[in-house]
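First up is the structure itself, then whatever we jot down about it.
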Amino acid sequence: MLSAVASMTAMGLGLGLALGLAARRFHVEVPPVVDEIDALLPGTNCGQCGYPGCRAGAEALAAGEAPVTLCPPGGRDVALQIADILGVDPAEGADLDGMEEAPQMVAFIFEDHCTGCTKCFKRCPTDAIVGANRQIHTVITDACIGCDACIEVCPTEAIIHRPKPRTLRNWYWDKPDPETGHADTRLSA
Amino acid sequence: MSILPFAGRFDPARLFAFKGGVHPETRKFLSAECEIEDMPIPALIRVPLQQHIGVEAEAIVERGDTVLKGQLIGKARGPVSANIHAPTSGQVIAVGHFTAPHPSGLPVPTITIRPDGRDEWGPRLPRLHPESAAPEQIAAQVAEAGIVGMGGATFPASVKLNLRAKYDLHTLVINAAECEPYLTCDDRLMRERAEEIADGAGIMARALGVKDIIVAIEANKPQAIQAMQRHKIALGYKMRIKTVPTQYPMGSEKHLVKTLTGRETPARALTAELGIVVHNAATAHAVHLAVRYGEPSISRVVTVSGRGVARPANVRALIGTPVADLIAHCGGLVEEPDRLLMGGPMMGQPIRNPRVPIVKGSGGILALTAEETREKDVMPCIRCGLCVQVCPMGLTPFELNTRVEAGDLDGAAKVGLLDCINCGCCSFTCPSNRPLVQTIQYAKGKLAERDSRKHQQDQAKRLAEARTARLEAIAEAKRAAMAKRKAEMAAKKKREAEAAQVVAEAVEATSRKEAAK
């Protein structure tokens, strides 16, 4: 009787210890995918993806309900990073090349039509619109992410989106086309 | 570590070779014998506020203002920026945007002046005596005069004169290599104004606190070398005039330093790291004018050349003179040029509109005919490796090119995309006429855009977080205010209730008294 108790106790202790050690030794960190994706997304909760906010978008992505290209402000880079996290083929069911070509859009306010209602200004997720009550509003192009939230709320349809204007600072040469190779592709004589 | 760095010390006549480079036909004979002539004041002057690397200047005049020659019209903004001065007296007729002298043809903020023809000087800057002035004073004067690197890079000269605070400097190199074909403006300036250039070099050496000055001139300019030899003592400095081989891109400062000292500048670092600062000969001349006479940077010598121009010439023109006026001054075009360039044929930029103005960095206006541009059809890369042989930065242009064409920008950056200096040796030499340097330039721009987009996304995130925090703070404040109001209301009610009680008690007491009576 005593020996049975002793052996069972010893076995229990030994196996318990082994299991405990194994759990420590072979512990696998499950990546908190949602947090990881959430950190990648712009965090502006602009709603262009169709989900209420970046967190919800990240959850949908983690659940595999949304394509990796769901975030237009994030662009191609974010799509590729999300695909990397989720371990899916980025080209699958999504048009990555289309994302590359799409120019960056920003909002633009036709000041003649602006009534200074402050609706857009309250709605902007990045505070990219400046103005005050009954004064003309304007967009700070560098802060605008092109989410179109302001366009929806403008009562006078004074806001449009347009490609980000090119300046000397962000201008660069077009890709030369070696096949035709004419005109301005060659810099030097 | 070899003994090469020391060899130059023991044998000052010795030069070193850099790897790569090409020998394009120089065609300097077209304008080399033409004396510098003054260009008459044009009918309209357009002065861009962005003529330099860095932040554009801020206009401090308005439409309708009358300005005098040398008056400050654009104020430098931030540490890397440059002042802009009125090139002649007249009336400001517009402060707006005009096409930039840039291949993009995008508009830049520009001040348009209609000269009154009197060319009347406003008050000049106070003159300095470089013999007794402090280095800081000289640098400040150069900054005030708005002088930028006139070799084409247009980096504000004063910033480079202030490098002594950060680096241990010992040598000033005056870059008079002028390796670009066709250009002769520095050559002529040295032949005609050697003494002034030498003085400017001395002044800059004082500002930098260096001991040695080396003037490097390519071997194809013997008269300029002679002229500089005659004036090699200035402000107590004995300059070393060095004849460097005629080889493109000798005028690149890193390659010039390599040729003179045998030492290589680290990747993406300044030559100041080696204790050497390089300034252009025309910049030295501008510094001389600014310090000795208080004249700001308002004109420069421009070579107008190419077979398309009737009378190639070296012209001292006011900054802001339209290219079309310069060409007209040189007899106009003899035939429709295949290409109109600002700068040299190797690194110059095509200009789309001949009405664009010249700026502080424009050393040349070239109208090249079809025979000169020799445009040929692009053929497939045959892996001959000529581009690798001639690349002065030791890169593999064909590999960069293939990677960029395949969309692998990161891979291209890994094999040195960002070390490319855009010299164009690879495109020049390619037997298949491939647009190598052009593709590399595109890739650099694309890479920069991608980085800026990433940066912008981080900023957007920060802005969004700040907004959320602000909205929460407002809501919190509202809640607090509400709670406070509630508490106040409750207190008020309580007080009223108490007061009512007191009154009621009093009334009761009175009624009781009356009852007792």
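We label chains A, B, ... in the order they appear in the structure tokens, count residues from 1 in each chain, and number ligands from 1 in the order shown.
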- Query: Could you pull the residues within 9 Å of B:His85, counting only C-alpha atoms, minus those fewer than 4 positions along the same chain, as a list in words?
  - Reply: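 Skipping anything fewer than 4 positions along the chain leaves Val47, Lys69, Gly70, Gln71, Leu72, Ile73, Gly74, Lys75, Ala145, Gly146, Pro296, Ser297 and Ile298 of chain B.
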- Task: Can you list, as a ChimeraX atom specification, all residues belonging to stretch 75-158 of chain A that DSSP tags as helix (DSSP H, G or I)?
- Result: /A:75-86,96-101,119-123,149-153
- Please, what distance in Å, to one decimal, runs between atom CA of B:Arg14 and atom CA of B:Val215?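 So the answer is 14.3 Å.
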- What lies within 9 Å of A:Asp174 using only C-alpha atoms, ignoring chain neighbours under 4 positions off, as number ranges by chain? A: 185; B: 438-439, 441-442
Go ahead and write the selection's residues with C-alpha atoms as a tab-separated table (two decimals), in the first residue's frame.
```
chain	number	residue	atom	x	y	z
A	185	THR	CA	15.27	60.12	-72.25
B	438	GLN	CA	19.07	58.26	-66.87
B	439	THR	CA	17.65	55.05	-65.44
B	441	GLN	CA	18.48	59.02	-61.87
B	442	TYR	CA	14.93	57.79	-62.17
```
Excluding B:Asp338 and any residue of its chain fewer than 2 positions from it, enumerate the residues within 10 Å of it, using only C-alpha atoms, and give them as a short mmCIF file (atom, residue, chain, number, x, y, z; two decimals) with C-alpha atoms, in the first residue's frame.
```cif
data_model
loop_
_atom_site.label_atom_id
_atom_site.label_comp_id
_atom_site.auth_asym_id
_atom_site.auth_seq_id
_atom_site.Cartn_x
_atom_site.Cartn_y
_atom_site.Cartn_z
CA ALA A 183 13.57 62.73 -77.10
CA ALA A 189 24.56 64.93 -75.50
CA GLY B 308 23.62 75.96 -83.01
CA GLU B 335 19.65 76.29 -86.94
CA GLU B 336 16.99 74.78 -84.74
CA LEU B 340 19.02 73.28 -75.55
CA LEU B 341 21.03 72.67 -72.39
CA ALA B 367 22.47 74.86 -78.30
CA LEU B 368 23.54 71.51 -79.66
CA THR B 369 22.76 70.47 -83.20
CA ALA B 370 21.71 66.95 -84.18
CA GLU B 371 25.23 66.33 -85.42
CA GLU B 372 26.58 67.10 -81.94
CA THR B 373 24.05 65.19 -79.87
CA ARG B 374 24.48 62.09 -82.04
CA GLU B 375 21.25 60.56 -80.86
#
```
Would you pick out the contacts of B:Leu400 at 12 Å or less, using only C-alpha atoms, so that residues sharing its chain but fewer than 2 positions from it are not included, and give the list as a compact mmCIF listing (two decimals) with C-alpha atoms, in the first residue's frame?
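Written file, out.txt:
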```txt
# COMPACT_ATOMS: atom_id res chain seq x y z
CA CYS B 387 30.33 51.12 -68.21
CA VAL B 388 31.99 49.34 -65.28
CA LEU B 395 29.87 50.93 -59.58
CA THR B 396 28.38 48.46 -62.03
CA PRO B 397 25.95 50.60 -64.05
CA PHE B 398 24.63 47.73 -66.18
CA THR B 402 18.97 45.67 -64.90
CA ARG B 403 17.85 45.73 -61.29
CA VAL B 404 15.94 48.97 -61.73
CA GLU B 405 14.28 47.67 -64.86
CA ALA B 406 13.19 44.60 -62.93
CA GLY B 407 11.76 46.86 -60.21
CA ASP B 408 14.33 45.82 -57.60
CA LEU B 409 15.15 49.22 -56.16
CA ASP B 410 16.36 47.86 -52.83
CA GLY B 411 18.72 45.51 -54.62
CA ALA B 412 20.03 48.42 -56.67
CA ALA B 413 20.53 50.46 -53.50
CA LYS B 414 22.50 47.57 -52.04
CA VAL B 415 24.96 47.63 -54.95
CA GLY B 416 25.56 51.35 -54.65
CA LEU B 417 22.72 53.16 -56.42
CA LEU B 418 23.01 56.10 -54.01
CA ASP B 419 26.76 56.46 -54.56
CA CYS B 420 26.24 57.40 -58.21
CA CYS B 426 28.35 55.13 -68.44
CA PRO B 435 20.17 55.27 -71.07
CA LEU B 436 22.15 54.05 -68.06
CA VAL B 437 22.59 57.19 -65.99
CA GLN B 438 19.07 58.26 -66.87
CA THR B 439 17.65 55.05 -65.44
CA ILE B 440 19.78 55.48 -62.34
CA GLN B 441 18.48 59.02 -61.87
CA TYR B 442 14.93 57.79 -62.17
CA ALA B 443 15.61 55.08 -59.60
CA LYS B 444 17.12 57.56 -57.17
```
- Item | Test item: residues at most 12 Å from A:Thr118, only C-alpha atoms, excluding those fewer than 5 positions along its chain, as JSON, numbers by chain | {"A": [123, 124, 127, 129, 130, 131, 132, 133, 134, 135, 136, 137, 138, 150, 153, 154, 155, 156]}
Writer output for current selection, N, CA and C atoms, as an mmCIF file, in the first residue's frame:
```
data_model
loop_
_atom_site.group_PDB
_atom_site.id
_atom_site.type_symbol
_atom_site.label_atom_id
_atom_site.label_comp_id
_atom_site.auth_asym_id
_atom_site.auth_seq_id
_atom_site.Cartn_x
_atom_site.Cartn_y
_atom_site.Cartn_z
ATOM 1 N N ARG A 123 -13.855 66.652 -39.311
ATOM 2 C CA ARG A 123 -13.862 65.258 -39.716
ATOM 3 C C ARG A 123 -12.453 64.738 -40.031
ATOM 4 N N CYS A 124 -11.533 65.637 -40.357
ATOM 5 C CA CYS A 124 -10.218 65.212 -40.860
ATOM 6 C C CYS A 124 -9.439 64.423 -39.815
ATOM 7 N N ASP A 127 -5.903 66.181 -38.981
ATOM 8 C CA ASP A 127 -5.863 67.633 -38.774
ATOM 9 C C ASP A 127 -5.196 68.334 -39.942
ATOM 10 N N ILE A 129 -6.713 69.898 -42.319
ATOM 11 C CA ILE A 129 -7.470 71.051 -42.802
ATOM 12 C C ILE A 129 -7.414 72.137 -41.737
ATOM 13 N N VAL A 130 -7.070 73.334 -42.178
ATOM 14 C CA VAL A 130 -7.061 74.449 -41.236
ATOM 15 C C VAL A 130 -8.165 75.420 -41.631
ATOM 16 N N GLY A 131 -8.660 76.159 -40.674
ATOM 17 C CA GLY A 131 -9.726 77.105 -40.934
ATOM 18 C C GLY A 131 -10.463 77.374 -39.638
ATOM 19 N N ALA A 132 -11.470 78.221 -39.711
ATOM 20 C CA ALA A 132 -12.261 78.524 -38.527
ATOM 21 C C ALA A 132 -13.676 78.797 -38.996
ATOM 22 N N ASN A 133 -14.561 78.929 -38.044
ATOM 23 C CA ASN A 133 -15.954 79.151 -38.350
ATOM 24 C C ASN A 133 -16.131 80.357 -39.266
ATOM 25 N N ARG A 134 -16.854 80.167 -40.360
ATOM 26 C CA ARG A 134 -17.147 81.215 -41.336
ATOM 27 C C ARG A 134 -15.883 81.812 -41.955
ATOM 28 N N GLN A 135 -14.837 81.001 -41.994
ATOM 29 C CA GLN A 135 -13.636 81.426 -42.709
ATOM 30 C C GLN A 135 -13.245 80.311 -43.663
ATOM 31 N N ILE A 136 -12.595 80.709 -44.759
ATOM 32 C CA ILE A 136 -12.253 79.717 -45.777
ATOM 33 C C ILE A 136 -11.261 78.706 -45.209
ATOM 34 N N HIS A 137 -11.502 77.440 -45.527
ATOM 35 C CA HIS A 137 -10.599 76.389 -45.066
ATOM 36 C C HIS A 137 -9.608 76.053 -46.170
ATOM 37 N N THR A 138 -8.489 75.500 -45.764
ATOM 38 C CA THR A 138 -7.551 75.029 -46.764
ATOM 39 C C THR A 138 -6.866 73.762 -46.280
ATOM 40 N N CYS A 150 -13.439 64.255 -45.889
ATOM 41 C CA CYS A 150 -13.909 65.634 -45.969
ATOM 42 C C CYS A 150 -14.845 65.822 -47.160
ATOM 43 N N VAL A 153 -18.476 64.996 -46.391
ATOM 44 C CA VAL A 153 -19.263 65.863 -45.506
ATOM 45 C C VAL A 153 -19.449 67.271 -46.038
ATOM 46 N N CYS A 154 -18.729 67.649 -47.080
ATOM 47 C CA CYS A 154 -18.803 69.037 -47.537
ATOM 48 C C CYS A 154 -20.192 69.337 -48.101
ATOM 49 N N PRO A 155 -20.903 70.309 -47.518
ATOM 50 C CA PRO A 155 -22.249 70.593 -47.995
ATOM 51 C C PRO A 155 -22.279 71.327 -49.332
ATOM 52 N N THR A 156 -21.185 71.963 -49.712
ATOM 53 C CA THR A 156 -21.210 72.723 -50.965
ATOM 54 C C THR A 156 -20.396 72.048 -52.070
#
```
